[in-house]
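Scroll down for the structure; my scribbles are underneath it.
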Amino acid sequence: MIYRESGQYKTSYVNDSQIFPIKQDRYAVLAIIAFAFLVIPFIATPYFFSAILIPFLIFSLAALGLNILTGYAGQISLGTAAFMAVGAFASYNFMLRVPGMPILLAFILGGVCAAIVGIIFGLPSLRIRGFYLAASTLATQFFVVWCLTKVPWFTNNSSSGVITAQQIQILGFKFDSPQEKYLLVLAIVCVLALLAKNMVRSTVGRSWMAVRDMDVAAEVIGFRIMKTKLTAFAVSSFYCGVAGALYAFCYLGTVEPEAYNLDLSFRILFMVIIGGLGSILGSFFGAGFIVLLPIFLSFVVHATGLPNSVTSNVELMVFGALIIFFLIVEPHGLARLWQIGKEKLRLWPFPH
Amino acid sequence: MSDSGNRKIGDVILKVDNISLSFGGVKALTNISFDVREHEIRAIIGPNGAGKSSMLNVINGVYLPQEGTITYRGEQRRDMNTHAAAASGIARTFQNIALFTGMTVLDNIMTGRNLKVKATFLEQALWIGRARKEEMEHRRVVEEIIDFLQLQHVRKTPVARLPYGIKKRVELARALAAEPTMLLLDEPMAGMNVEEKQDMCRFVLDTNDQFGTTIVLIEHDMGVVMDISDRVAVLDYGKKIGDGTPAEVRSNPDVIKAYLGAH
């Protein structure tokens with residue numbers, strides 16, 4: 001009854017192309033963001049910040065990056081973690097080697113480095129697609145991790161190959177506690193999510209979707225396929241790079257190249273598939289599902305009082321079953337499920 | 001005949017000379033020459049596999065012919081590329097609908113405006129400056145086309161959910177969004193029922209009449225072709241076997257032979 005758009009007339013195209021055209025959505029999202037910024041920092045425990053909220057936000061950002069490439073531009077990538085690694089290690093080296101480097105700039109430059117690597121490894125996409133492209137992005141994954149492990153300069157000659165992320169300091173303010181780091185990550189994720197939304201609702205985004213859906217037609221109406229695909233690789237890798245840097249600086253603290261292995265790439269790909277391809281909101285749903293569900297499950301399973309050896313396996317089985325269940329119920333991901341729910345809600349409780 | 005309006009057929013706008021195109025050993029087009037005059041509706045007909053679609057693909061740069069030249073608005077070239085063709089005002093629709101199925105009707109038509117977008121990537125990401133203003137400006141033009149082709153009711157529907165006839169219309173809308181000087185229509189009425197065909201004919205004629213768009217049309221429905229086109233070129237096995245007004249083509253013995261297989 002409350003979720004209605006009746007009476008909300010759009011009298012200009014500006015009004016009609018808002019990010020959340022329905023008033024209730026707009027207020028709900030604003031309320032969630034306000035809650036995340038103003039209330040959560042005061043009520044959450046340090047464990048909650050560093051084990052749940054920070055990884056959730058960072059994975060959302062990485063999933064958003066991959067979603068731009070795979071969901072919007074239709075280019076499958078298995079190299080997400082590699083782009084994250086480039087972002088992390090580039091940021092680390094910028095901080096290390098450039099005196100007085102502001103940390104936010106280092107994150108951005110880390111993202112730019114990832115974007116450059118993304119463009120280089122995106123070049124095969126001009127000739128190949130689908131599974132073959134996925135296989136070639138797999139090369140990115142192995143090459144980057146190998147390169148970071150073998151060239152000691154990247155890890156500042158650390159004997160174990162492990163780097164310790166520098167302290168985060170912005171305008172003299174130190175971000176030490178999980179709470180402060182959470183706020184920093186949240187702010188960055190909000191800004192980048194907004195930019196991504198703007199991209200997908202303007203010509204850039206339409207060019208990605210056009211190439212995804214029908215590349216010959218896209219070319220005939222004037223999109224440049226090469227530019228479009230490489231832009232998608234660059235933007236996607238930038239997002240992954242920033243996410244990788246945050247992963248090192250705000251979540252792990254000390255990190256080795258192996259942390260960004262194929263496993264992580266697959267996890268992020270699952271997030272995108274489960275959350276919903278081609279949906280910004282879906283990236284957050286997917287990250288929430290993959291990050292939060294195992295924690296929730298372990299909580300529930302442990303409460304049953306079964307022995308430890310049993311519970312850890314039960315967790316994995318239930319998790320796997322749930323993924324399969326959701327994909328059968330809605331192959332287009334949680335975002336579509338959410339959308340269908342909203343459409344139903346608009347009519348509820350009336351039958352038509 | 002479609003000389004109902006007061007449109008004036010002008011000079012030759014497109015001229016193809018001695019075009020030959022082959023794929024390996026298969027000759028798709030052999031030594032084809034014809035011209036298209038400004039503001040006219042020019043039909044290309046022929047049996048299946050005659051090379052009609054290949055001809056359109058050569059005109060807008062999807063295929064590169066081995067021999068021959070294309071002269072479009074006084075500019076002669078052999079290697080027309082798709083981007084250059086689109087930029088010089090050639091738009092087209094496809095035989096098998098080539099819409100962007102994951103996008104809404106509105107977004108599909110908006111893609112047709114892409115060459116007129118000047119905002120940089122950064123402006124679009126930040127939704128500032130030209131990006132926002134242009135978006136609204138393009139939206140206004142697109143809405144006019146939506147009105148023109150009567151697509152208001154499906155504006156925000158994803159294309160995948162639309163019936164066939166409407167999809168064909170959306171594809172025409174996307175082509176029109178580019179405000180083309182020449183429109184290549186590849187079987188716009190294929191697979192339609194009589195009413196849908198009538199609607200489509202009306203839209204094609206209106207486009208020609210209101211915007212002065214030159215139209216090159218491939219169609220199998222002879223009734224439609226004879227009714228709406230000014231001149232007809234007939235292809236068979238990649239060769240041109242007839243050219244002229246509908247009446248001339250209809251009485252051309254080669255054309256009758258190709259179609260009816262008569263002696």
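The chains in the structure tokens are called A, B, ... from first to last as shown; in each chain the residues are counted from 1, and the ligands are counted from 1 in the order shown.
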
7 Å contacts from chain B to chain A using only C-alpha atoms, as a list in words: Thr82, His83, Ala86, Ala87, Ala91, Ala98, Leu99, Phe100, Thr101, Gly102, Thr111, Gly112, Asn114, Leu115, Phe121, Gln124, Ala125, Leu126, Trp127 and Met136 of chain B

Store the residues picked out above in a file with all heavy atoms, as a compact mmCIF listing (two decimals), in the first residue's frame.
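The resulting result.txt:
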# COMPACT_ATOMS: atom_id res chain seq x y z
N THR B 82 32.11 1.34 -41.58
CA THR B 82 30.79 1.53 -40.99
C THR B 82 30.69 2.86 -40.27
O THR B 82 29.67 3.53 -40.33
CB THR B 82 30.48 0.40 -40.00
OG1 THR B 82 31.63 0.19 -39.19
CG2 THR B 82 30.13 -0.87 -40.71
N HIS B 83 31.76 3.23 -39.58
CA HIS B 83 31.71 4.47 -38.80
C HIS B 83 31.58 5.67 -39.72
O HIS B 83 30.77 6.57 -39.50
CB HIS B 83 32.95 4.58 -37.91
CG HIS B 83 32.86 5.69 -36.94
ND1 HIS B 83 33.38 6.93 -37.20
CD2 HIS B 83 32.29 5.76 -35.73
CE1 HIS B 83 33.13 7.71 -36.17
NE2 HIS B 83 32.48 7.03 -35.26
N ALA B 86 28.09 5.86 -41.11
CA ALA B 86 27.14 6.39 -40.14
C ALA B 86 27.34 7.89 -39.97
O ALA B 86 26.38 8.66 -39.92
CB ALA B 86 27.30 5.67 -38.80
N ALA B 87 28.60 8.32 -39.92
CA ALA B 87 28.88 9.74 -39.71
C ALA B 87 28.43 10.58 -40.90
O ALA B 87 28.09 11.75 -40.75
CB ALA B 87 30.38 9.94 -39.45
N ALA B 91 21.93 5.48 -42.38
CA ALA B 91 21.46 4.63 -41.29
C ALA B 91 20.79 3.42 -41.91
O ALA B 91 20.39 3.45 -43.07
CB ALA B 91 20.49 5.38 -40.41
N ALA B 98 18.08 -6.49 -35.43
CA ALA B 98 19.35 -6.38 -34.70
C ALA B 98 19.23 -5.30 -33.63
O ALA B 98 19.98 -4.34 -33.61
CB ALA B 98 20.48 -6.05 -35.67
N LEU B 99 18.25 -5.48 -32.75
CA LEU B 99 18.10 -4.52 -31.66
C LEU B 99 18.94 -4.96 -30.48
O LEU B 99 19.41 -6.10 -30.41
CB LEU B 99 16.63 -4.45 -31.23
CG LEU B 99 15.73 -3.68 -32.20
CD1 LEU B 99 14.28 -3.90 -31.85
CD2 LEU B 99 16.04 -2.20 -32.19
N PHE B 100 19.12 -4.05 -29.54
CA PHE B 100 19.86 -4.39 -28.33
C PHE B 100 18.85 -4.92 -27.32
O PHE B 100 18.18 -4.16 -26.63
CB PHE B 100 20.60 -3.17 -27.81
CG PHE B 100 21.42 -2.49 -28.87
CD1 PHE B 100 21.27 -1.15 -29.14
CD2 PHE B 100 22.32 -3.24 -29.62
CE1 PHE B 100 22.02 -0.55 -30.13
CE2 PHE B 100 23.07 -2.65 -30.62
CZ PHE B 100 22.91 -1.30 -30.87
N THR B 101 18.75 -6.24 -27.24
CA THR B 101 17.61 -6.85 -26.55
C THR B 101 17.56 -6.58 -25.06
O THR B 101 16.49 -6.63 -24.47
CB THR B 101 17.60 -8.37 -26.77
OG1 THR B 101 18.94 -8.84 -26.56
CG2 THR B 101 17.15 -8.73 -28.15
N GLY B 102 18.70 -6.32 -24.46
CA GLY B 102 18.70 -6.12 -23.01
C GLY B 102 18.30 -4.71 -22.60
O GLY B 102 18.18 -4.41 -21.41
N THR B 111 20.49 5.14 -28.47
CA THR B 111 21.80 4.77 -29.03
C THR B 111 21.95 5.33 -30.44
O THR B 111 23.06 5.59 -30.88
CB THR B 111 21.99 3.23 -29.12
OG1 THR B 111 20.95 2.69 -29.92
CG2 THR B 111 22.01 2.58 -27.76
N GLY B 112 20.83 5.50 -31.13
CA GLY B 112 20.89 6.07 -32.47
C GLY B 112 21.45 7.47 -32.50
O GLY B 112 21.91 7.95 -33.53
N ASN B 114 24.06 8.44 -30.85
CA ASN B 114 25.41 8.45 -30.26
C ASN B 114 26.41 9.34 -30.98
O ASN B 114 27.29 9.91 -30.36
CB ASN B 114 25.94 7.02 -30.12
CG ASN B 114 26.44 6.48 -31.43
OD1 ASN B 114 27.59 6.69 -31.79
ND2 ASN B 114 25.58 5.80 -32.17
N LEU B 115 26.26 9.46 -32.30
CA LEU B 115 27.27 10.26 -33.01
C LEU B 115 27.11 11.75 -32.74
O LEU B 115 27.98 12.54 -33.05
CB LEU B 115 27.17 9.99 -34.50
CG LEU B 115 27.78 8.66 -34.93
CD1 LEU B 115 27.43 8.35 -36.37
CD2 LEU B 115 29.29 8.68 -34.75
N PHE B 121 33.83 11.51 -21.67
CA PHE B 121 33.60 10.42 -20.74
C PHE B 121 33.47 10.93 -19.31
O PHE B 121 32.56 10.55 -18.57
CB PHE B 121 34.77 9.44 -20.85
CG PHE B 121 34.76 8.40 -19.78
CD1 PHE B 121 33.87 7.35 -19.85
CD2 PHE B 121 35.62 8.48 -18.71
CE1 PHE B 121 33.85 6.39 -18.87
CE2 PHE B 121 35.60 7.53 -17.72
CZ PHE B 121 34.71 6.49 -17.81
N GLN B 124 30.26 12.62 -18.56
CA GLN B 124 29.15 11.67 -18.43
C GLN B 124 29.19 10.97 -17.08
O GLN B 124 28.16 10.74 -16.45
CB GLN B 124 29.21 10.65 -19.56
CG GLN B 124 28.95 11.28 -20.90
CD GLN B 124 28.94 10.26 -22.02
OE1 GLN B 124 28.53 9.14 -21.84
NE2 GLN B 124 29.38 10.67 -23.19
N ALA B 125 30.41 10.62 -16.63
CA ALA B 125 30.54 9.93 -15.35
C ALA B 125 30.10 10.84 -14.20
O ALA B 125 29.49 10.39 -13.24
CB ALA B 125 31.97 9.47 -15.14
N LEU B 126 30.44 12.12 -14.31
CA LEU B 126 30.08 13.04 -13.24
C LEU B 126 28.69 13.62 -13.43
O LEU B 126 28.17 14.29 -12.53
CB LEU B 126 31.11 14.17 -13.16
CG LEU B 126 32.54 13.72 -12.83
CD1 LEU B 126 33.51 14.87 -12.99
CD2 LEU B 126 32.62 13.18 -11.41
N TRP B 127 28.08 13.36 -14.63
CA TRP B 127 26.73 13.86 -14.91
C TRP B 127 26.67 15.36 -14.78
O TRP B 127 25.79 15.93 -14.15
CB TRP B 127 25.74 13.18 -13.96
CG TRP B 127 24.31 13.21 -14.39
CD1 TRP B 127 23.29 13.86 -13.76
CD2 TRP B 127 23.70 12.55 -15.50
NE1 TRP B 127 22.11 13.65 -14.41
CE2 TRP B 127 22.33 12.85 -15.49
CE3 TRP B 127 24.20 11.74 -16.52
CZ2 TRP B 127 21.44 12.36 -16.45
CZ3 TRP B 127 23.31 11.25 -17.47
CH2 TRP B 127 21.95 11.56 -17.42
N MET B 136 19.23 15.45 -22.19
CA MET B 136 17.85 15.91 -22.25
C MET B 136 17.47 16.34 -23.66
O MET B 136 16.35 16.12 -24.12
CB MET B 136 17.64 17.09 -21.28
CG MET B 136 17.89 16.71 -19.84
SD MET B 136 17.05 15.18 -19.40
CE MET B 136 18.27 14.37 -18.41

Residues within 9 Å of range 287-304 of chain A, only C-alpha atoms, excluding chain neighbours under 6 positions, as number ranges by chain: A: 52, 55-63, 267-268, 270-272, 274-275, 311-312, 314-316, 318-319

Keeping N, CA, C and O atoms, export the residues of the selection given above as a JSON list (two decimals), in the first residue's frame.
[["chain", "number", "residue", "atom", "x", "y", "z"],
["A", 52, "ILE", "N", 33.03, -7.96, 8.70],
["A", 52, "ILE", "CA", 31.81, -8.01, 7.88],
["A", 52, "ILE", "C", 31.66, -6.79, 6.99],
["A", 52, "ILE", "O", 31.63, -6.90, 5.76],
["A", 55, "PRO", "N", 34.94, -5.84, 4.44],
["A", 55, "PRO", "CA", 35.04, -6.73, 3.27],
["A", 55, "PRO", "C", 33.80, -6.68, 2.38],
["A", 55, "PRO", "O", 33.93, -6.73, 1.15],
["A", 56, "PHE", "N", 32.63, -6.55, 2.97],
["A", 56, "PHE", "CA", 31.41, -6.46, 2.15],
["A", 56, "PHE", "C", 31.51, -5.28, 1.18],
["A", 56, "PHE", "O", 31.26, -5.42, -0.01],
["A", 57, "LEU", "N", 31.92, -4.12, 1.70],
["A", 57, "LEU", "CA", 32.00, -2.93, 0.84],
["A", 57, "LEU", "C", 33.07, -3.09, -0.22],
["A", 57, "LEU", "O", 32.88, -2.73, -1.38],
["A", 58, "ILE", "N", 34.23, -3.64, 0.17],
["A", 58, "ILE", "CA", 35.32, -3.77, -0.79],
["A", 58, "ILE", "C", 34.94, -4.76, -1.88],
["A", 58, "ILE", "O", 35.16, -4.51, -3.07],
["A", 59, "PHE", "N", 34.33, -5.88, -1.49],
["A", 59, "PHE", "CA", 33.91, -6.85, -2.51],
["A", 59, "PHE", "C", 32.80, -6.28, -3.39],
["A", 59, "PHE", "O", 32.73, -6.59, -4.57],
["A", 60, "SER", "N", 31.94, -5.46, -2.81],
["A", 60, "SER", "CA", 30.91, -4.82, -3.63],
["A", 60, "SER", "C", 31.55, -3.99, -4.72],
["A", 60, "SER", "O", 31.12, -4.01, -5.87],
["A", 61, "LEU", "N", 32.60, -3.27, -4.34],
["A", 61, "LEU", "CA", 33.27, -2.39, -5.31],
["A", 61, "LEU", "C", 33.92, -3.23, -6.40],
["A", 61, "LEU", "O", 33.81, -2.91, -7.59],
["A", 62, "ALA", "N", 34.59, -4.32, -6.01],
["A", 62, "ALA", "CA", 35.22, -5.19, -7.02],
["A", 62, "ALA", "C", 34.16, -5.81, -7.91],
["A", 62, "ALA", "O", 34.33, -5.89, -9.14],
["A", 63, "ALA", "N", 33.05, -6.24, -7.30],
["A", 63, "ALA", "CA", 31.98, -6.85, -8.09],
["A", 63, "ALA", "C", 31.38, -5.82, -9.05],
["A", 63, "ALA", "O", 31.07, -6.12, -10.20],
["A", 267, "ARG", "N", 35.47, -15.87, -6.88],
["A", 267, "ARG", "CA", 34.50, -15.39, -5.87],
["A", 267, "ARG", "C", 33.78, -14.16, -6.37],
["A", 267, "ARG", "O", 32.56, -14.02, -6.23],
["A", 268, "ILE", "N", 34.55, -13.25, -6.97],
["A", 268, "ILE", "CA", 33.93, -12.00, -7.44],
["A", 268, "ILE", "C", 33.02, -12.27, -8.63],
["A", 268, "ILE", "O", 31.94, -11.69, -8.75],
["A", 270, "PHE", "N", 31.32, -14.99, -9.04],
["A", 270, "PHE", "CA", 30.10, -15.55, -8.46],
["A", 270, "PHE", "C", 29.20, -14.43, -7.92],
["A", 270, "PHE", "O", 27.99, -14.47, -8.07],
["A", 271, "MET", "N", 29.84, -13.46, -7.27],
["A", 271, "MET", "CA", 29.05, -12.34, -6.73],
["A", 271, "MET", "C", 28.26, -11.67, -7.84],
["A", 271, "MET", "O", 27.09, -11.36, -7.69],
["A", 272, "VAL", "N", 28.94, -11.46, -8.97],
["A", 272, "VAL", "CA", 28.28, -10.77, -10.08],
["A", 272, "VAL", "C", 27.14, -11.63, -10.64],
["A", 272, "VAL", "O", 26.05, -11.13, -10.92],
["A", 274, "ILE", "N", 25.47, -14.11, -9.14],
["A", 274, "ILE", "CA", 24.37, -14.27, -8.19],
["A", 274, "ILE", "C", 23.65, -12.94, -7.96],
["A", 274, "ILE", "O", 22.43, -12.89, -7.87],
["A", 275, "GLY", "N", 24.41, -11.87, -7.91],
["A", 275, "GLY", "CA", 23.80, -10.56, -7.67],
["A", 275, "GLY", "C", 22.97, -10.11, -8.85],
["A", 275, "GLY", "O", 21.88, -9.56, -8.69],
["A", 311, "THR", "N", 30.06, -29.33, 11.47],
["A", 311, "THR", "CA", 29.49, -28.01, 11.15],
["A", 311, "THR", "C", 30.19, -27.35, 9.97],
["A", 311, "THR", "O", 29.53, -26.79, 9.11],
["A", 312, "SER", "N", 31.53, -27.45, 9.92],
["A", 312, "SER", "CA", 32.21, -26.74, 8.84],
["A", 312, "SER", "C", 31.81, -27.32, 7.49],
["A", 312, "SER", "O", 31.70, -26.58, 6.50],
["A", 314, "VAL", "N", 28.86, -28.93, 6.89],
["A", 314, "VAL", "CA", 27.45, -28.59, 6.68],
["A", 314, "VAL", "C", 27.33, -27.18, 6.11],
["A", 314, "VAL", "O", 26.56, -26.93, 5.18],
["A", 315, "GLU", "N", 28.13, -26.27, 6.66],
["A", 315, "GLU", "CA", 28.14, -24.89, 6.17],
["A", 315, "GLU", "C", 28.36, -24.82, 4.67],
["A", 315, "GLU", "O", 27.61, -24.20, 3.93],
["A", 316, "LEU", "N", 29.42, -25.52, 4.23],
["A", 316, "LEU", "CA", 29.77, -25.48, 2.80],
["A", 316, "LEU", "C", 28.65, -26.07, 1.96],
["A", 316, "LEU", "O", 28.30, -25.54, 0.90],
["A", 318, "VAL", "N", 25.39, -26.30, 2.67],
["A", 318, "VAL", "CA", 24.22, -25.42, 2.64],
["A", 318, "VAL", "C", 24.50, -24.23, 1.73],
["A", 318, "VAL", "O", 23.65, -23.82, 0.92],
["A", 319, "PHE", "N", 25.71, -23.70, 1.82],
["A", 319, "PHE", "CA", 26.08, -22.55, 0.99],
["A", 319, "PHE", "C", 25.97, -22.89, -0.49],
["A", 319, "PHE", "O", 25.36, -22.16, -1.28]]

Interatomic distance (Å, one decimal) between CA of Asp263 in chain A and CA of Cys250 in chain A: 20.3 Å

Pick from B:Gly212, B:Gly24, B:Pro163, B:Pro188 nearest to Gln66 in chain B, counting only C-alpha atoms: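 Checking each of B:Gly212, B:Gly24, B:Pro163, B:Pro188 against Gln66 in chain B, counting only C-alpha atoms, the winner is B:Gly24.
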
Tyr9 in chain A: which residues within 12 Å, counting only C-alpha atoms, same-chain residues fewer than 4 positions away excluded, as a CSV table (one decimal) with N, CA and C atoms, in the first residue's frame?
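Now in selection33.csv:
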chain,number,residue,atom,x,y,z
A,5,GLU,N,3.6,4.7,-6.8
A,5,GLU,CA,4.1,5.9,-7.5
A,5,GLU,C,2.9,6.7,-8.1
A,13,TYR,N,12.1,15.8,-18.6
A,13,TYR,CA,13.0,14.7,-18.9
A,13,TYR,C,14.0,14.5,-17.8
A,15,ASN,N,13.5,15.0,-14.6
A,15,ASN,CA,12.8,14.2,-13.6
A,15,ASN,C,12.7,12.8,-13.9
A,16,ASP,N,12.5,12.5,-15.2
A,16,ASP,CA,12.2,11.1,-15.7
A,16,ASP,C,13.5,10.3,-15.7
A,21,PRO,N,13.7,6.9,-9.9
A,21,PRO,CA,12.5,7.8,-10.3
A,21,PRO,C,11.4,7.7,-9.3
A,22,ILE,N,11.3,6.7,-8.5
A,22,ILE,CA,10.2,6.6,-7.5
A,22,ILE,C,10.6,7.2,-6.2
A,23,LYS,N,9.8,8.0,-5.7
A,23,LYS,CA,10.1,8.8,-4.5
A,23,LYS,C,10.5,7.9,-3.3

Secondary structure check, alpha helix (DSSP H) residues of range 67-136 of chain B, as an NGL selection string: :B and (82-87 or 105-111 or 121-126 or 130-136)
